[in-house]
Amino acid sequence: MVLFSLITILGDSDAAYGGISLVDGEQLNAMRRNWRHGASDEDLRGRIIGLRVIYDWPALKSVVRTCPGRSTGRFRLNDLFNLLDMHIAPESGFRAPGGHGVSGEEKQSEEQFLDARRLIGAKNALLMILIASFYIDYQACIASKREILGKYRDFANLLGRRMQRQGLDLARQYRLDQPEFYHGDVGFVSLNYDPIALWVQFLANRELNKSPSVPHIGSPAVPLHLFHDFGHLIPARRIGRDGDWPWYPLNEGATQRLNELQTGGDCRVRLTKFLFPHGCLCWRECPNCGKLSAYHGDEWNLDSPGLFPPPPLRAFDERVCPDWITDDQRHQREEGRVDARQCLHCSTLTYAHHTQAVMQSSFKPRPPSFIEEIQRDLRATTMQAQHIIFMGYSLPPDDMTYRAFFSARCQRSGTSCTVVDKDDKNPDWYGPTELKTRSLGESSPVKAAHDIFGEDNVRFYGGGVPNVFLDGGRATDAKLEQLLTWSF
């Protein structure tokens, strides 16, 4: 229903692009519910036109009608990404089928030329639909699937305790400022855009770091704390009442200095690599300074409703603006621009269309410097990996970049691969020998893994996630080790 209101406001007519006269009563009423109380019709029209200029919904519909397979029911989202990116980069356009006219009647025979400006608007509209879909799904998840989220937090807690135990053992073998000590042996790469997997690890590490039973190392003994390395130093807005100012994570350089024996400090640190090579819904690229900021909500709770910023309508986020949000950002959010977030570097306001999310196309433009840095970190990390685990990732044929460097890794030395997927006909663990006798669908990620890693280096679990780390409905150390340790 909320998404329908957004689409209603953006308009269903190709002719509506930028046209104030084409804002009808239904659209005014929809915006009135999402804007400041007592706003005039002129103010409402201005807000609607502003959204339409940024998010060109009619243009996106026309591009979809141009995609191969649209008329036969074999539409592929990758074709839509390709069509947009291959024309936006050289600033060219193309002719596309028309859609609804002013009267609402279909006019499929008419064509229109979509220039690069409108294609950028179409891509923004696609990004907005992506954000809205994730946001709605997440709100439904914290409302009705909190128990499942708890299982992931338990998994993160087990990982953290494992990092602590390893740290105690490694501290007897290495100096604390050596990579062999402070690097965790498990890293994460999210090819999705949502930060939920990272969030449960944040919560688990925070709980472990603040626990009275946190292990101590060194002489004099200080607590062993767990943090993340994101491949790029990304400041985040502090969570809760600590203030609307940056909190910087640790990276390898800071960790090494902190762990040096001659350094003071009240803790020593181990790092878990967590990379988002396609971007994340809680990231914003500032349109003024070009730097990256992250926003993880306003409270340290598993079911935090503001884990990532909402789409640009009040109906998505009707909560009262926290009292520690001040100045123009507060004014914008109270007025109805609930997606407004202040850049942590230069204080410029950013909005939903500044979210960093790299589309999965074959014509990707060169990414911003911070995304490129993360992608290079991913490549370096992959080159050192001995065991690669795919959880819900299918190695699609059009993902040429990742297939290429996974293949390059295999050429350097033997690498084992574990595939975790949901397969009702094959719900258990299967080693390389057993997999050769199983009947798997042509689209099974196991077949793609075989092509890259070889049949003798791939095992499979068909019970899906989170079952792969559960025993009797609970996350256990034994199941975690079974997942992480190659055993066939």
# chains A, B, ... in the order shown; residues from 1 in each chain; ligands from 1

call {"tool": "closest_atom_pairs", "arguments": {"of": "stretch 187-290 of chain A", "to": "stretch 323-345 of chain A", "cutoff": "12 Å", "atoms": "only C-alpha atoms", "output": "CSV"}}
result
residue,atom,partner,partner_atom,distance
A:Ile234,CA,A:Leu344,CA,9.9
A:Pro235,CA,A:Leu344,CA,7.2
A:Ala236,CA,A:Leu344,CA,7.6
A:Arg237,CA,A:Leu344,CA,7.1
A:Arg238,CA,A:Leu344,CA,10.2
A:Ile239,CA,A:Trp324,CA,10.5
A:Gly240,CA,A:Trp324,CA,8.3
A:Arg241,CA,A:Trp324,CA,6.3
A:Asp242,CA,A:Trp324,CA,8.5
A:Gly243,CA,A:Trp324,CA,6.4
A:Asp244,CA,A:Ile325,CA,6.5
A:Trp245,CA,A:Leu344,CA,6.5
A:Pro246,CA,A:Leu344,CA,5.9
A:Trp247,CA,A:Leu344,CA,9.3
A:Tyr248,CA,A:Leu344,CA,10.5
A:Leu281,CA,A:Asp339,CA,11.7
A:Cys282,CA,A:Arg341,CA,10.3
A:Trp283,CA,A:Arg341,CA,10.2
A:Arg284,CA,A:Cys343,CA,7.8
A:Glu285,CA,A:Cys343,CA,8.2
A:Cys286,CA,A:Cys343,CA,6.1
A:Pro287,CA,A:Cys343,CA,9.2
A:Asn288,CA,A:Cys343,CA,9.0
A:Cys289,CA,A:His345,CA,7.7
A:Gly290,CA,A:His345,CA,9.4

call {"tool": "closest_atom_pairs", "arguments": {"of": "stretch 256-342 of chain A", "to": "stretch 2-5 of chain A", "cutoff": "12 Å", "atoms": "only C-alpha atoms", "output": "Markdown table"}}
result
| residue | atom | partner | partner_atom | distance |
| --- | --- | --- | --- | --- |
| A:Pro310 | CA | A:Val2 | CA | 11.7 |
| A:Pro311 | CA | A:Leu3 | CA | 9.5 |
| A:Pro312 | CA | A:Leu3 | CA | 10.7 |
| A:Leu313 | CA | A:Val2 | CA | 8.6 |
| A:Arg314 | CA | A:Val2 | CA | 9.5 |
| A:Ala315 | CA | A:Val2 | CA | 6.3 |
| A:Phe316 | CA | A:Val2 | CA | 6.7 |
| A:Asp317 | CA | A:Val2 | CA | 10.3 |
| A:Glu318 | CA | A:Val2 | CA | 11.7 |

call {"tool": "write_last_selection", "arguments": {"atoms": "N, CA and C atoms", "output": "compact mmCIF listing (two decimals), in the first residue's frame"}}
result
# COMPACT_ATOMS: atom_id res chain seq x y z
N PRO A 310 14.94 5.40 5.09
CA PRO A 310 13.74 5.00 4.35
C PRO A 310 13.68 5.63 2.96
N PRO A 311 12.74 5.18 2.12
CA PRO A 311 12.44 5.87 0.87
C PRO A 311 11.84 7.25 1.17
N PRO A 312 11.65 8.07 0.14
CA PRO A 312 11.36 9.49 0.38
C PRO A 312 9.89 9.84 0.61
N LEU A 313 9.16 9.06 1.42
CA LEU A 313 7.80 9.42 1.80
C LEU A 313 7.60 9.15 3.28
N ARG A 314 6.86 10.03 3.94
CA ARG A 314 6.62 9.88 5.37
C ARG A 314 5.90 8.58 5.70
N ALA A 315 5.11 8.06 4.78
CA ALA A 315 4.38 6.82 5.04
C ALA A 315 5.32 5.65 5.33
N PHE A 316 6.55 5.73 4.83
CA PHE A 316 7.52 4.67 5.10
C PHE A 316 8.09 4.76 6.51
N ASP A 317 8.16 5.96 7.06
CA ASP A 317 8.75 6.15 8.39
C ASP A 317 7.98 7.26 9.11
N GLU A 318 7.03 6.88 9.93
CA GLU A 318 6.19 7.85 10.63
C GLU A 318 6.67 8.11 12.05

call {"tool": "closest_residue", "arguments": {"among": "A:Asp423, A:Asp43, A:Asp154, A:Glu373", "to": "A:Leu480", "atoms": "only C-alpha atoms"}}
result
A:Asp154

call {"tool": "residues_around", "arguments": {"residues": "stretch 363-371 of chain A", "least_positions_apart": "4", "cutoff": "10 Å", "atoms": "only C-alpha atoms", "output": "VMD selection string"}}
result
chain A and resid 81 to 90 231 to 234 275 to 279 285 290 to 292 356 to 359 375 to 377

call {"tool": "atom_distance", "arguments": {"atom1": "atom CA of A:Gly253", "atom2": "atom CA of A:Lys273"}}
result
13.5 Å

call {"tool": "atom_distance", "arguments": {"atom1": "atom CA of A:Leu149", "atom2": "atom CA of A:Ile196"}}
result
8.9 Å

call {"tool": "select_by_dssp", "arguments": {"residues": "stretch 190-367 of chain A", "states": "strand (DSSP E)", "output": "PyMOL selection string"}}
result
chain A and resi 216-217+222-229+236-237+246-247+268-275+279-285+292-294+341-342+349-350+355-357

call {"tool": "residues_around", "arguments": {"residues": "A:Gly167", "least_positions_apart": "3", "cutoff": "9 Å", "atoms": "only C-alpha atoms", "output": "list of chain:residue names"}}
result
A:Arg162, A:Met163, A:Gln164, A:Leu170, A:Ala171, A:Arg172, A:Phe181, A:Tyr182, A:Gly184, A:Ile217, A:Leu224, A:Arg270

call {"tool": "closest_residue", "arguments": {"among": "A:Arg47, A:Ser362, A:Glu42, A:Asp303", "to": "A:Ala140", "atoms": "only C-alpha atoms"}}
result
A:Asp303

call {"tool": "select_by_dssp", "arguments": {"residues": "stretch 136-381 of chain A", "states": "helix (DSSP H, G or I)", "output": "PyMOL selection string"}}
result
chain A and resi 136-144+146-170+179-182+196-210+252-259+314-316+327-335+352-354+369-381
